[in-house]
Amino acid sequence: MDTKNLIPLLAMPLLLLAVEIGALLLSLPVQASGVVAFEDPSSVANPVIFIAILLVFTALLLVLIKYDMKKVITAVIGISIFLTFVYIFAALVYASMGATDLATVVVLALSVLSTVLLYKYPEWYVIDGLGILIGAGVASIFGVSLEVVPVLILLVLLAVYDAISVYKTKHMITLAEGVIDQKTPILFVIPKRRDYSFIREGIGKLADGGERAAFIIGMGDMIMPAILVVSANVFLKGWRLAGMINLPAIGAIIGSLAGLAVLLHFVMSGKPQAGLPPLCGGTILGFLVGWGLSMMV
């Protein structure tokens with residue numbers, strides 16, 4: 001592997017760590033603000049509801065891509081991003097200011113500005129910077145809303161679904177290509193060159209050799225492991241490093257990094273890869289090891 005590919009690949013674990021650590025930090029204001037995704041965190045029906053919503057949203061985007069309705073796709077994803085920012089900023093602002101009218105105005109202003117920035121200036125560092133906030137915020141909200149067992153069920157279901165959608169039906173590849181073609185800012189983009197611009201080039205083929213100018217990884221691939229990290233830290237008791245993070249959460253972080261290393265090994269083949277099977281698998285195994293160790297401490 002040459003340096004051109006090695007350095008961007010090393011950046012991916014840093015992005016994953018940033019999302020996971022950010023999600024842990026945000027879990028405190030999220031809990032304080034009362035922002036939750038599900039009312040009953042112990043219900044095993046929650047993962048099924050999550051998957052059902054994901055399937056409906058995916059089907060909608062595939063139909064829009066099939067009929068080349070680019071403006072509608074942009075609008076749907078833009079609204080989704082805006083609403084995501086609303087939930088994230090609501091958790092942060094309400095935790096510090098309370099649910100006042102002024103706080104609501106601040107939440108809406110920050111959400112609008114962030115969404116406009118993503119769409120008006122979608123350079124790779126803007127996408128990645130706000131992507132870390134989105135990933136950490138979403139992971140935190142779902143992590144405090146789901147106990148460990150529902151999260152484990154969710155990760156297993158998502159890993160199976162991702163494998164089927166990439167390797168068998170291949171509709172996830174169609175979806176990814178449709179989103180990438182429009183330069184929609186719902187990916188992490190890791191450039192291979194210092195002068196790379198996502199605005200000018202996207203991640204398309206370069207003229208001088210046909211190699212992509214950047215690596216990409218979906219936000220979902222970063223968010224899902226972080227959900228288990230947060231859930232383990234919020235709902236499980238026991239010894240905590242520096243009084244902040246417990247062994248099951250530490251194990252999940254280490255396992256997610258190991259799963260990412262496996263994924264990156266296969267990514268170098270140049271073929272599209274399902275990210276969630278190794279990422280979710282590594283995160284679950286790491287969590288189980290950490291949980292086992294916590295029983296002995």
# chains A, B, ... in the order shown; residues from 1 in each chain; ligands from 1
>>> residues_around(residues="Ala45 (chain A)", least_positions_apart="3", cutoff="10 Å", atoms="only C-alpha atoms", output="list in words")
Asp40, Pro41, Ser42, Val48, Ile49, Phe50, Pro150, Ile153 and Leu154 of chain A
>>> select_by_dssp(residues="region 14-188 of chain A", states="helix (DSSP H, G or I)", output="PyMOL selection string")
chain A and resi 14-33+45-66+70-97+101-120+124-145+148-168+171-181
>>> select_by_dssp(residues="region 231-266 of chain A", states="strand (DSSP E)", output="number ranges by chain")
A: 240-241, 245-246
>>> write_last_selection(atoms="N, CA and C atoms", output="mmCIF file, in the first residue's frame")
data_model
loop_
_atom_site.group_PDB
_atom_site.id
_atom_site.type_symbol
_atom_site.label_atom_id
_atom_site.label_comp_id
_atom_site.auth_asym_id
_atom_site.auth_seq_id
_atom_site.Cartn_x
_atom_site.Cartn_y
_atom_site.Cartn_z
ATOM 1 N N ARG A 240 -15.595 2.529 36.170
ATOM 2 C CA ARG A 240 -15.468 3.460 35.049
ATOM 3 C C ARG A 240 -14.081 4.090 35.032
ATOM 4 N N LEU A 241 -13.516 4.156 33.867
ATOM 5 C CA LEU A 241 -12.221 4.808 33.690
ATOM 6 C C LEU A 241 -12.397 6.304 33.911
ATOM 7 N N ILE A 245 -16.223 6.342 31.714
ATOM 8 C CA ILE A 245 -16.576 5.332 30.716
ATOM 9 C C ILE A 245 -16.312 3.940 31.279
ATOM 10 N N ASN A 246 -17.281 3.041 31.115
ATOM 11 C CA ASN A 246 -17.139 1.706 31.686
ATOM 12 C C ASN A 246 -16.468 0.726 30.729
#
>>> residues_around(residues="Pro185 (chain A)", least_positions_apart="2", cutoff="12 Å", atoms="only C-alpha atoms", output="ChimeraX atom specification")
/A:74,77-78,80-82,114-132,134,176,179-183,187-189,198-199,202,216-219
>>> closest_residue(among="A:Ile53, A:Val63, A:Leu15, A:Ala90", to="Ser33 (chain A)", atoms="only C-alpha atoms")
A:Ala90
>>> closest_residue(among="A:Leu83, A:Met244, A:Ala136, A:Ile186", to="Leu16 (chain A)", atoms="only C-alpha atoms")
A:Ala136
>>> residues_around(residues="Ala18 (chain A)", least_positions_apart="3", cutoff="12 Å", atoms="only C-alpha atoms", output="ChimeraX atom specification")
/A:11-15,21-26,128-137,139,222-223,226,253,257
>>> closest_atom_pairs(of="region 41-113 of chain A", to="region 155-175 of chain A", cutoff="12 Å", atoms="only C-alpha atoms", output="Markdown table")
| residue | atom | partner | partner_atom | distance |
| --- | --- | --- | --- | --- |
| A:Asn46 | CA | A:Leu157 | CA | 11.9 |
| A:Pro47 | CA | A:Leu157 | CA | 8.1 |
| A:Val48 | CA | A:Leu157 | CA | 8.7 |
| A:Ile49 | CA | A:Leu157 | CA | 11.6 |
| A:Phe50 | CA | A:Leu158 | CA | 9.7 |
| A:Ile51 | CA | A:Leu158 | CA | 7.5 |
| A:Ala52 | CA | A:Leu158 | CA | 11.1 |
| A:Leu54 | CA | A:Leu158 | CA | 9.7 |
| A:Leu55 | CA | A:Tyr161 | CA | 9.7 |
| A:Phe57 | CA | A:Leu175 | CA | 11.0 |
| A:Thr58 | CA | A:Leu175 | CA | 7.8 |
| A:Ala59 | CA | A:His171 | CA | 9.4 |
| A:Leu60 | CA | A:Leu175 | CA | 10.4 |
| A:Leu61 | CA | A:Leu175 | CA | 7.2 |
| A:Leu62 | CA | A:Leu175 | CA | 6.2 |
| A:Val63 | CA | A:Leu175 | CA | 9.8 |
| A:Leu64 | CA | A:Leu175 | CA | 10.0 |
| A:Ile65 | CA | A:Leu175 | CA | 7.6 |
| A:Lys66 | CA | A:Thr174 | CA | 9.3 |
| A:Ile73 | CA | A:Leu175 | CA | 11.0 |
>>> write_last_selection(atoms="N, CA and C atoms", output="PDB file, in the first residue's frame")
ATOM      1  N   ASN A  46     -38.441  -1.839  19.358  1.00  0.00           N
ATOM      2  CA  ASN A  46     -37.769  -0.641  18.846  1.00  0.00           C
ATOM      3  C   ASN A  46     -36.848  -0.916  17.654  1.00  0.00           C
ATOM      4  N   PRO A  47     -36.015  -1.966  17.697  1.00  0.00           N
ATOM      5  CA  PRO A  47     -35.180  -2.254  16.519  1.00  0.00           C
ATOM      6  C   PRO A  47     -35.995  -2.543  15.270  1.00  0.00           C
ATOM      7  N   VAL A  48     -37.137  -3.209  15.436  1.00  0.00           N
ATOM      8  CA  VAL A  48     -38.003  -3.516  14.290  1.00  0.00           C
ATOM      9  C   VAL A  48     -38.570  -2.235  13.701  1.00  0.00           C
ATOM     10  N   ILE A  49     -38.984  -1.306  14.574  1.00  0.00           N
ATOM     11  CA  ILE A  49     -39.500  -0.011  14.114  1.00  0.00           C
ATOM     12  C   ILE A  49     -38.408   0.745  13.369  1.00  0.00           C
ATOM     13  N   PHE A  50     -37.188   0.717  13.911  1.00  0.00           N
ATOM     14  CA  PHE A  50     -36.033   1.382  13.287  1.00  0.00           C
ATOM     15  C   PHE A  50     -35.811   0.832  11.878  1.00  0.00           C
ATOM     16  N   ILE A  51     -35.789  -0.494  11.749  1.00  0.00           N
ATOM     17  CA  ILE A  51     -35.557  -1.129  10.446  1.00  0.00           C
ATOM     18  C   ILE A  51     -36.689  -0.797   9.480  1.00  0.00           C
ATOM     19  N   ALA A  52     -37.911  -0.787   9.966  1.00  0.00           N
ATOM     20  CA  ALA A  52     -39.060  -0.488   9.097  1.00  0.00           C
ATOM     21  C   ALA A  52     -38.957   0.923   8.531  1.00  0.00           C
ATOM     22  N   LEU A  54     -36.207   2.637   8.166  1.00  0.00           N
ATOM     23  CA  LEU A  54     -35.063   2.620   7.244  1.00  0.00           C
ATOM     24  C   LEU A  54     -35.466   2.065   5.882  1.00  0.00           C
ATOM     25  N   LEU A  55     -36.242   0.983   5.867  1.00  0.00           N
ATOM     26  CA  LEU A  55     -36.666   0.372   4.607  1.00  0.00           C
ATOM     27  C   LEU A  55     -37.562   1.304   3.808  1.00  0.00           C
ATOM     28  N   PHE A  57     -37.650   4.623   3.964  1.00  0.00           N
ATOM     29  CA  PHE A  57     -36.841   5.738   3.482  1.00  0.00           C
ATOM     30  C   PHE A  57     -35.966   5.309   2.305  1.00  0.00           C
ATOM     31  N   THR A  58     -35.382   4.116   2.404  1.00  0.00           N
ATOM     32  CA  THR A  58     -34.550   3.588   1.321  1.00  0.00           C
ATOM     33  C   THR A  58     -35.371   3.370   0.053  1.00  0.00           C
ATOM     34  N   ALA A  59     -36.547   2.792   0.207  1.00  0.00           N
ATOM     35  CA  ALA A  59     -37.427   2.546  -0.950  1.00  0.00           C
ATOM     36  C   ALA A  59     -37.805   3.858  -1.625  1.00  0.00           C
ATOM     37  N   LEU A  60     -38.100   4.874  -0.819  1.00  0.00           N
ATOM     38  CA  LEU A  60     -38.449   6.180  -1.372  1.00  0.00           C
ATOM     39  C   LEU A  60     -37.305   6.752  -2.199  1.00  0.00           C
ATOM     40  N   LEU A  61     -36.088   6.697  -1.664  1.00  0.00           N
ATOM     41  CA  LEU A  61     -34.938   7.235  -2.388  1.00  0.00           C
ATOM     42  C   LEU A  61     -34.664   6.447  -3.665  1.00  0.00           C
ATOM     43  N   LEU A  62     -34.824   5.131  -3.622  1.00  0.00           N
ATOM     44  CA  LEU A  62     -34.583   4.309  -4.817  1.00  0.00           C
ATOM     45  C   LEU A  62     -35.583   4.653  -5.930  1.00  0.00           C
ATOM     46  N   VAL A  63     -36.829   4.892  -5.558  1.00  0.00           N
ATOM     47  CA  VAL A  63     -37.834   5.285  -6.554  1.00  0.00           C
ATOM     48  C   VAL A  63     -37.465   6.631  -7.160  1.00  0.00           C
ATOM     49  N   LEU A  64     -37.060   7.565  -6.332  1.00  0.00           N
ATOM     50  CA  LEU A  64     -36.682   8.894  -6.820  1.00  0.00           C
ATOM     51  C   LEU A  64     -35.458   8.820  -7.731  1.00  0.00           C
ATOM     52  N   ILE A  65     -34.498   7.947  -7.373  1.00  0.00           N
ATOM     53  CA  ILE A  65     -33.302   7.776  -8.214  1.00  0.00           C
ATOM     54  C   ILE A  65     -33.684   7.148  -9.553  1.00  0.00           C
ATOM     55  N   LYS A  66     -34.570   6.157  -9.517  1.00  0.00           N
ATOM     56  CA  LYS A  66     -34.980   5.476 -10.744  1.00  0.00           C
ATOM     57  C   LYS A  66     -35.604   6.446 -11.739  1.00  0.00           C
ATOM     58  N   ILE A  73     -34.884  14.438  -4.496  1.00  0.00           N
ATOM     59  CA  ILE A  73     -33.916  13.742  -3.642  1.00  0.00           C
ATOM     60  C   ILE A  73     -33.182  14.736  -2.758  1.00  0.00           C
TER      61      ILE A  73
END
>>> closest_residue(among="A:Ile79, A:Ala232, A:Val297, A:Ala258", to="Ser145 (chain A)", atoms="only C-alpha atoms")
A:Ala232
>>> residues_around(residues="Val86 (chain A)", least_positions_apart="6", cutoff="9 Å", atoms="only C-alpha atoms", output="list in words")
Val107, Leu108, Leu110, Ser111 and Val112 of chain A
>>> write_last_selection(atoms="N, CA and C atoms", output="PDB file, in the first residue's frame")
ATOM      1  N   VAL A 107     -32.093  27.114  18.544  1.00  0.00           N
ATOM      2  CA  VAL A 107     -32.036  25.780  17.920  1.00  0.00           C
ATOM      3  C   VAL A 107     -32.336  25.869  16.431  1.00  0.00           C
ATOM      4  N   LEU A 108     -33.405  26.562  16.082  1.00  0.00           N
ATOM      5  CA  LEU A 108     -33.797  26.678  14.671  1.00  0.00           C
ATOM      6  C   LEU A 108     -32.751  27.445  13.866  1.00  0.00           C
ATOM      7  N   LEU A 110     -29.457  27.732  14.492  1.00  0.00           N
ATOM      8  CA  LEU A 110     -28.274  26.885  14.320  1.00  0.00           C
ATOM      9  C   LEU A 110     -28.535  25.772  13.299  1.00  0.00           C
ATOM     10  N   SER A 111     -29.726  25.215  13.321  1.00  0.00           N
ATOM     11  CA  SER A 111     -30.072  24.129  12.393  1.00  0.00           C
ATOM     12  C   SER A 111     -30.110  24.628  10.955  1.00  0.00           C
ATOM     13  N   VAL A 112     -30.709  25.794  10.749  1.00  0.00           N
ATOM     14  CA  VAL A 112     -30.771  26.380   9.407  1.00  0.00           C
ATOM     15  C   VAL A 112     -29.373  26.718   8.903  1.00  0.00           C
TER      16      VAL A 112
END
